[in-house]
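Undergrad: So I've got this file, target.txt, and it contains compact mmCIF, N, CA, C and O atoms:
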```txt
# COMPACT_ATOMS: atom_id res chain seq x y z
N ASP A 1 -7.59 -15.99 -11.16
CA ASP A 1 -6.99 -14.74 -10.74
C ASP A 1 -8.05 -13.64 -10.77
O ASP A 1 -9.21 -13.89 -11.07
N LEU A 2 -7.66 -12.40 -10.49
CA LEU A 2 -8.60 -11.31 -10.29
C LEU A 2 -8.42 -10.21 -11.32
O LEU A 2 -7.35 -10.05 -11.90
N SER A 3 -9.48 -9.40 -11.47
CA SER A 3 -9.43 -8.25 -12.36
C SER A 3 -10.14 -7.09 -11.69
O SER A 3 -11.23 -7.26 -11.12
N VAL A 4 -9.52 -5.90 -11.72
CA VAL A 4 -10.13 -4.68 -11.18
C VAL A 4 -9.93 -3.55 -12.17
O VAL A 4 -9.02 -3.58 -12.99
N CYS A 5 -10.82 -2.57 -12.10
CA CYS A 5 -10.71 -1.39 -12.97
C CYS A 5 -9.82 -0.35 -12.29
O CYS A 5 -9.85 -0.20 -11.06
N SER A 6 -9.06 0.38 -13.06
CA SER A 6 -8.11 1.34 -12.50
C SER A 6 -8.78 2.45 -11.69
O SER A 6 -8.16 3.04 -10.82
N ASN A 7 -10.08 2.74 -11.95
CA ASN A 7 -10.74 3.79 -11.16
C ASN A 7 -11.57 3.21 -10.00
O ASN A 7 -12.28 3.95 -9.33
N ASN A 8 -11.49 1.91 -9.77
CA ASN A 8 -12.15 1.24 -8.66
C ASN A 8 -11.32 -0.01 -8.32
O ASN A 8 -11.78 -1.13 -8.45
N ALA A 9 -10.08 0.23 -7.92
CA ALA A 9 -9.06 -0.81 -7.98
C ALA A 9 -8.81 -1.61 -6.71
O ALA A 9 -7.81 -2.31 -6.63
N VAL A 10 -9.67 -1.56 -5.72
CA VAL A 10 -9.44 -2.36 -4.53
C VAL A 10 -9.84 -3.81 -4.80
O VAL A 10 -10.97 -4.07 -5.19
N ALA A 11 -8.91 -4.72 -4.63
CA ALA A 11 -9.16 -6.14 -4.89
C ALA A 11 -9.25 -6.89 -3.56
O ALA A 11 -8.41 -6.69 -2.68
N SER A 12 -10.26 -7.74 -3.42
CA SER A 12 -10.35 -8.62 -2.26
C SER A 12 -9.58 -9.89 -2.57
O SER A 12 -9.81 -10.53 -3.60
N ILE A 13 -8.64 -10.25 -1.69
CA ILE A 13 -7.84 -11.45 -1.89
C ILE A 13 -8.04 -12.39 -0.71
O ILE A 13 -8.15 -11.95 0.43
N THR A 14 -8.11 -13.68 -1.01
CA THR A 14 -8.32 -14.69 0.03
C THR A 14 -7.45 -15.90 -0.29
O THR A 14 -7.47 -16.39 -1.41
N GLY A 15 -6.70 -16.33 0.69
CA GLY A 15 -5.88 -17.53 0.54
C GLY A 15 -6.25 -18.55 1.60
O GLY A 15 -6.99 -18.26 2.54
N THR A 16 -5.73 -19.74 1.44
CA THR A 16 -5.90 -20.78 2.46
C THR A 16 -4.53 -21.37 2.78
O THR A 16 -3.68 -21.48 1.90
N VAL A 17 -4.35 -21.72 4.03
CA VAL A 17 -3.08 -22.29 4.49
C VAL A 17 -3.40 -23.41 5.46
O VAL A 17 -4.32 -23.29 6.27
N SER A 18 -2.66 -24.51 5.38
CA SER A 18 -2.80 -25.57 6.38
C SER A 18 -1.42 -26.07 6.77
O SER A 18 -0.46 -25.94 6.01
N ASN A 19 -1.32 -26.61 7.97
CA ASN A 19 -0.06 -27.15 8.50
C ASN A 19 1.06 -26.12 8.53
O ASN A 19 2.22 -26.46 8.32
N ALA A 20 0.71 -24.88 8.79
CA ALA A 20 1.72 -23.81 8.84
C ALA A 20 1.61 -23.07 10.16
O ALA A 20 0.52 -22.95 10.73
N SER A 21 2.74 -22.57 10.64
CA SER A 21 2.73 -21.80 11.88
C SER A 21 2.62 -20.30 11.62
O SER A 21 2.27 -19.54 12.52
N SER A 22 2.92 -19.88 10.39
CA SER A 22 2.79 -18.47 10.04
C SER A 22 2.61 -18.34 8.54
O SER A 22 2.93 -19.26 7.78
N PHE A 23 2.09 -17.20 8.13
CA PHE A 23 1.90 -16.92 6.71
C PHE A 23 1.88 -15.42 6.52
O PHE A 23 1.64 -14.66 7.47
N SER A 24 2.12 -14.96 5.29
CA SER A 24 2.04 -13.52 5.00
C SER A 24 1.92 -13.29 3.50
O SER A 24 2.36 -14.11 2.70
N TRP A 25 1.28 -12.17 3.16
CA TRP A 25 1.16 -11.71 1.78
C TRP A 25 2.30 -10.75 1.47
O TRP A 25 2.75 -10.00 2.34
N SER A 26 2.75 -10.73 0.22
CA SER A 26 3.77 -9.77 -0.22
C SER A 26 3.60 -9.51 -1.70
O SER A 26 2.90 -10.24 -2.40
N GLY A 27 4.26 -8.46 -2.19
CA GLY A 27 4.28 -8.16 -3.61
C GLY A 27 3.58 -6.86 -3.96
O GLY A 27 2.89 -6.27 -3.14
N GLY A 28 3.78 -6.45 -5.19
CA GLY A 28 3.19 -5.22 -5.68
C GLY A 28 3.81 -4.01 -5.02
O GLY A 28 4.58 -4.11 -4.07
N SER A 29 3.47 -2.82 -5.54
CA SER A 29 3.95 -1.58 -4.91
C SER A 29 2.81 -0.84 -4.23
O SER A 29 3.00 0.25 -3.71
N GLY A 30 1.63 -1.45 -4.21
CA GLY A 30 0.47 -0.85 -3.56
C GLY A 30 0.40 -1.27 -2.10
O GLY A 30 1.40 -1.66 -1.50
N ALA A 31 -0.81 -1.21 -1.55
CA ALA A 31 -1.02 -1.47 -0.12
C ALA A 31 -1.83 -2.75 0.09
O ALA A 31 -2.93 -2.88 -0.44
N ILE A 32 -1.26 -3.66 0.88
CA ILE A 32 -1.98 -4.85 1.30
C ILE A 32 -2.63 -4.49 2.63
O ILE A 32 -1.96 -4.03 3.56
N GLY A 33 -3.95 -4.70 2.71
CA GLY A 33 -4.69 -4.30 3.91
C GLY A 33 -4.08 -4.86 5.19
O GLY A 33 -3.82 -4.14 6.14
N SER A 34 -3.85 -6.16 5.24
CA SER A 34 -3.25 -6.82 6.40
C SER A 34 -2.44 -8.01 5.89
O SER A 34 -3.01 -9.02 5.47
N VAL A 35 -1.12 -7.89 5.92
CA VAL A 35 -0.25 -8.94 5.38
C VAL A 35 -0.40 -10.26 6.13
O VAL A 35 -0.11 -11.32 5.60
N GLY A 36 -0.89 -10.21 7.37
CA GLY A 36 -1.01 -11.41 8.18
C GLY A 36 -2.42 -11.96 8.24
O GLY A 36 -2.72 -12.76 9.12
N SER A 37 -3.29 -11.56 7.33
CA SER A 37 -4.66 -12.06 7.29
C SER A 37 -4.88 -12.82 5.98
O SER A 37 -4.49 -12.34 4.92
N LEU A 38 -5.53 -13.98 6.05
CA LEU A 38 -5.77 -14.75 4.82
C LEU A 38 -6.76 -14.04 3.90
O LEU A 38 -6.64 -14.12 2.68
N SER A 39 -7.74 -13.33 4.48
CA SER A 39 -8.70 -12.56 3.68
C SER A 39 -8.41 -11.08 3.92
O SER A 39 -8.57 -10.59 5.04
N THR A 40 -7.98 -10.40 2.88
CA THR A 40 -7.62 -8.99 3.02
C THR A 40 -7.87 -8.28 1.69
O THR A 40 -8.57 -8.81 0.83
N THR A 41 -7.34 -7.10 1.54
CA THR A 41 -7.50 -6.33 0.31
C THR A 41 -6.15 -5.89 -0.22
O THR A 41 -5.16 -5.83 0.52
N TYR A 42 -6.12 -5.60 -1.51
CA TYR A 42 -4.94 -5.01 -2.13
C TYR A 42 -5.38 -3.79 -2.90
O TYR A 42 -6.29 -3.86 -3.74
N THR A 43 -4.77 -2.64 -2.60
CA THR A 43 -5.05 -1.40 -3.31
C THR A 43 -3.82 -1.06 -4.14
O THR A 43 -2.75 -0.76 -3.58
N PRO A 44 -3.93 -1.12 -5.47
CA PRO A 44 -2.77 -0.82 -6.32
C PRO A 44 -2.28 0.61 -6.12
O PRO A 44 -3.07 1.52 -5.80
N SER A 45 -0.99 0.79 -6.30
CA SER A 45 -0.39 2.12 -6.20
C SER A 45 -0.84 2.98 -7.38
O SER A 45 -1.39 2.48 -8.37
N VAL A 46 -0.61 4.28 -7.29
CA VAL A 46 -0.92 5.19 -8.39
C VAL A 46 -0.18 4.76 -9.65
O VAL A 46 -0.75 4.75 -10.74
N ALA A 47 1.08 4.37 -9.51
CA ALA A 47 1.87 3.93 -10.67
C ALA A 47 1.25 2.69 -11.32
O ALA A 47 1.18 2.59 -12.54
N GLU A 48 0.79 1.73 -10.50
CA GLU A 48 0.16 0.53 -11.04
C GLU A 48 -1.15 0.86 -11.75
O GLU A 48 -1.43 0.34 -12.83
N ARG A 49 -1.95 1.76 -11.15
CA ARG A 49 -3.22 2.15 -11.79
C ARG A 49 -2.97 2.93 -13.07
O ARG A 49 -3.67 2.76 -14.07
N SER A 50 -1.96 3.79 -13.08
CA SER A 50 -1.63 4.60 -14.26
C SER A 50 -1.11 3.75 -15.40
O SER A 50 -1.24 4.13 -16.56
N ALA A 51 -0.53 2.60 -15.09
CA ALA A 51 0.05 1.73 -16.11
C ALA A 51 -1.00 0.82 -16.77
O ALA A 51 -0.67 0.06 -17.68
N ALA A 52 -2.26 0.90 -16.33
CA ALA A 52 -3.31 0.02 -16.87
C ALA A 52 -3.38 0.13 -18.38
O ALA A 52 -3.28 1.22 -18.92
N PRO A 53 -3.51 -0.99 -19.11
CA PRO A 53 -3.66 -2.34 -18.56
C PRO A 53 -2.32 -2.93 -18.13
O PRO A 53 -1.33 -2.84 -18.84
N THR A 54 -2.33 -3.52 -16.96
CA THR A 54 -1.14 -4.16 -16.40
C THR A 54 -1.60 -5.24 -15.43
O THR A 54 -2.80 -5.43 -15.25
N SER A 55 -0.66 -5.91 -14.81
CA SER A 55 -1.03 -6.88 -13.78
C SER A 55 -0.01 -6.85 -12.66
O SER A 55 1.13 -6.42 -12.85
N VAL A 56 -0.44 -7.28 -11.49
CA VAL A 56 0.38 -7.32 -10.29
C VAL A 56 0.33 -8.74 -9.76
O VAL A 56 -0.74 -9.36 -9.73
N MET A 57 1.47 -9.27 -9.34
CA MET A 57 1.51 -10.59 -8.72
C MET A 57 1.69 -10.43 -7.22
O MET A 57 2.61 -9.75 -6.77
N LEU A 58 0.80 -11.06 -6.45
CA LEU A 58 0.93 -11.10 -5.01
C LEU A 58 1.26 -12.53 -4.61
O LEU A 58 0.78 -13.48 -5.21
N THR A 59 2.09 -12.68 -3.58
CA THR A 59 2.54 -13.99 -3.13
C THR A 59 2.10 -14.23 -1.70
O THR A 59 2.27 -13.37 -0.84
N LEU A 60 1.52 -15.40 -1.46
CA LEU A 60 1.19 -15.85 -0.11
C LEU A 60 2.23 -16.89 0.27
O LEU A 60 2.43 -17.88 -0.44
N THR A 61 2.94 -16.63 1.37
CA THR A 61 4.00 -17.53 1.83
C THR A 61 3.60 -18.15 3.16
O THR A 61 3.18 -17.44 4.08
N ALA A 62 3.73 -19.48 3.27
CA ALA A 62 3.44 -20.19 4.52
C ALA A 62 4.73 -20.78 5.06
O ALA A 62 5.57 -21.26 4.30
N ASN A 63 4.88 -20.73 6.37
CA ASN A 63 6.09 -21.23 7.02
C ASN A 63 5.73 -22.20 8.13
O ASN A 63 4.69 -22.07 8.78
N ARG A 64 6.63 -23.15 8.35
CA ARG A 64 6.52 -24.08 9.47
C ARG A 64 7.94 -24.48 9.86
O ARG A 64 8.77 -24.77 8.99
N ALA A 65 8.21 -24.51 11.15
CA ALA A 65 9.56 -24.86 11.64
C ALA A 65 10.00 -26.21 11.07
O ALA A 65 9.23 -27.17 11.04
N GLY A 66 11.22 -26.25 10.58
CA GLY A 66 11.79 -27.48 10.03
C GLY A 66 11.44 -27.73 8.57
O GLY A 66 11.89 -28.72 7.99
N CYS A 67 10.64 -26.86 7.98
CA CYS A 67 10.23 -27.02 6.58
C CYS A 67 10.67 -25.80 5.77
O CYS A 67 10.82 -24.71 6.32
N ASN A 68 10.85 -25.99 4.48
CA ASN A 68 11.09 -24.85 3.59
C ASN A 68 9.79 -24.08 3.41
O ASN A 68 8.71 -24.67 3.40
N PRO A 69 9.86 -22.75 3.25
CA PRO A 69 8.66 -21.96 3.00
C PRO A 69 7.97 -22.43 1.71
O PRO A 69 8.63 -22.88 0.77
N VAL A 70 6.66 -22.33 1.68
CA VAL A 70 5.86 -22.69 0.52
C VAL A 70 5.11 -21.44 0.06
O VAL A 70 4.60 -20.69 0.89
N THR A 71 5.06 -21.22 -1.26
CA THR A 71 4.41 -20.02 -1.77
C THR A 71 3.39 -20.36 -2.86
O THR A 71 3.47 -21.41 -3.50
N ASP A 72 2.45 -19.46 -3.04
CA ASP A 72 1.52 -19.50 -4.15
C ASP A 72 1.23 -18.05 -4.53
O ASP A 72 1.39 -17.15 -3.71
N GLN A 73 0.84 -17.85 -5.78
CA GLN A 73 0.64 -16.48 -6.26
C GLN A 73 -0.75 -16.28 -6.83
O GLN A 73 -1.39 -17.23 -7.29
N VAL A 74 -1.18 -15.03 -6.78
CA VAL A 74 -2.41 -14.61 -7.42
C VAL A 74 -2.08 -13.38 -8.27
O VAL A 74 -1.33 -12.51 -7.84
N ALA A 75 -2.60 -13.36 -9.48
CA ALA A 75 -2.40 -12.22 -10.38
C ALA A 75 -3.63 -11.32 -10.30
O ALA A 75 -4.77 -11.81 -10.31
N ILE A 76 -3.40 -10.03 -10.20
CA ILE A 76 -4.48 -9.06 -10.25
C ILE A 76 -4.29 -8.22 -11.51
O ILE A 76 -3.31 -7.48 -11.63
N ALA A 77 -5.22 -8.37 -12.45
CA ALA A 77 -5.18 -7.58 -13.68
C ALA A 77 -5.83 -6.23 -13.40
O ALA A 77 -6.91 -6.17 -12.81
N ILE A 78 -5.16 -5.16 -13.81
CA ILE A 78 -5.70 -3.81 -13.64
C ILE A 78 -6.05 -3.30 -15.03
O ILE A 78 -5.17 -3.13 -15.88
N THR A 79 -7.35 -3.11 -15.26
CA THR A 79 -7.82 -2.68 -16.58
C THR A 79 -8.03 -1.17 -16.60
O THR A 79 -8.28 -0.56 -15.56
N PRO A 80 -7.92 -0.55 -17.78
CA PRO A 80 -8.12 0.89 -17.87
C PRO A 80 -9.56 1.28 -17.53
O PRO A 80 -10.50 0.52 -17.78
N ALA A 81 -9.73 2.48 -16.99
CA ALA A 81 -11.07 3.01 -16.72
C ALA A 81 -11.75 3.37 -18.04
O ALA A 81 -11.08 3.70 -19.02
N PRO A 82 -13.09 3.33 -18.07
CA PRO A 82 -13.78 3.74 -19.28
C PRO A 82 -13.56 5.24 -19.53
O PRO A 82 -13.27 6.00 -18.60
N VAL A 83 -13.69 5.64 -20.78
CA VAL A 83 -13.54 7.03 -21.18
C VAL A 83 -14.85 7.48 -21.81
O VAL A 83 -15.45 6.73 -22.59
N VAL A 84 -15.30 8.68 -21.48
CA VAL A 84 -16.55 9.18 -22.03
C VAL A 84 -16.34 10.60 -22.54
O VAL A 84 -15.54 11.35 -22.01
N ASN A 85 -17.02 10.91 -23.63
CA ASN A 85 -16.98 12.26 -24.19
C ASN A 85 -18.35 12.59 -24.72
O ASN A 85 -18.83 11.97 -25.67
N ALA A 86 -19.04 13.55 -24.09
CA ALA A 86 -20.39 13.92 -24.48
C ALA A 86 -20.40 15.05 -25.52
O ALA A 86 -21.44 15.64 -25.78
N GLY A 87 -19.27 15.33 -26.10
CA GLY A 87 -19.21 16.37 -27.13
C GLY A 87 -18.83 17.73 -26.54
O GLY A 87 -18.44 17.85 -25.40
N ILE A 88 -19.00 18.76 -27.36
CA ILE A 88 -18.63 20.12 -26.97
C ILE A 88 -19.54 20.57 -25.84
O ILE A 88 -20.77 20.40 -25.91
N ASP A 89 -18.93 21.20 -24.83
CA ASP A 89 -19.71 21.72 -23.68
C ASP A 89 -20.51 22.93 -24.05
O ASP A 89 -20.20 23.74 -24.84
```
What would you get if you wrote out this structure as structure tokens?
TA:
Amino acid sequence: DLSVCSNNAVASITGTVSNASSFSWSGGSGAIGSVGSLSTTYTPSVAERSAAPTSVMLTLTANRAGCNPVTDQVAIAITPAPVVNAGID
């Protein structure tokens, strides 16, 4: 699975599909770059980034006529941003 920092939280996601006529990404409350592309990005929402540390599950679903849909998931861990304090200004 993947890990991103809350202040640099764009995750590159890549799936593979075979013997399917269609597929799509879903999940999270953020933005999936292109739900119909196997290689795309996921940008967590402000709420997801603010909740760090947290994780988001994205699902890749493949479909083929006459078959039940098949899914697989990827977890994206969102870690807190570092904090710095250089003392009194």
Undergrad: Which residues, written as a list in words, have at least one atom at most 7 Å from stretch 26-33 of chain A, with all atoms listed in the file counted and residues fewer than 6 positions away on the same chain left out?
TA: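 Returned residues: Thr40, Thr41, Tyr42, Thr43, Pro44, Ser45, Val46, Val56, Met57, Leu58, Thr59, Leu60 and Thr61 of chain A.
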Undergrad: From the options A:Ser22, A:Thr54, A:Ser39, A:Thr16, which residue's atoms come nearest to A:Thr79, counting only C-alpha atoms?
TA: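 For A:Thr79, the nearest of the given residues is A:Thr54.
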Undergrad: What is the atom C of A:Ser37-atom N of A:Ser18 distance in Å, reported with one decimal?
TA: 11.9 Å
Undergrad: Residues of chain A classed as helix (DSSP H, G or I) by DSSP on the backbone are to be reported as a count of residues only.
TA: 5
Undergrad: Would you be able to write out as a list of chain:residue names which residues have an atom within 4.5 Å of (0.7, -25.1, 7.8) in the file's coordinates, counting only N, CA, C and O atoms?
TA: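 Every residue inside that radius is included here: A:Ser18, A:Asn19, A:Ala20, A:Ser21.
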Undergrad: Tell me, which residues of stretch 41-79 of chain A carry DSSP strand (DSSP E or B), written as a ChimeraX atom specification?
TA: /A:41-43,54-63,70-79
Undergrad: Atom C of A:Ala52 to atom C of A:Ile78: how many Å, to one decimal?
TA: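 Rounded to one decimal, the two atoms are 5.5 Å apart.
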Undergrad: How many Å lie between atom N of A:Val4 and atom CA of A:Val84, rounded to one decimal?
TA: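 Atom CA of A:Val84 lies at a distance of 19.6 Å from atom N of A:Val4.
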Undergrad: Can you tell me which residues surround A:Gly36 at a distance of at most 7 Å, considering all atoms listed in the file, apart from same-chain residues fewer than 4 positions away, and format the answer as a PyMOL selection string?
TA: chain A and resi 23-25
Undergrad: Here is a test: counting only C-alpha atoms, which residue of A:Ala65, A:Ala47, A:Leu38, A:Ala75 is nearest to A:Ser6?
TA: A:Ala47
Undergrad: Quick one: 5 Å padding each side, axis-aligned, all listed atoms of stretch 45-63 of chain A - centre and edge lengths in Å to one decimal, as lines of an AutoDock Vina configuration file?
TA:
```
center_x = 1.2
center_y = -8.5
center_z = -5.2
size_x = 19.8
size_y = 37.4
size_z = 37.9
```
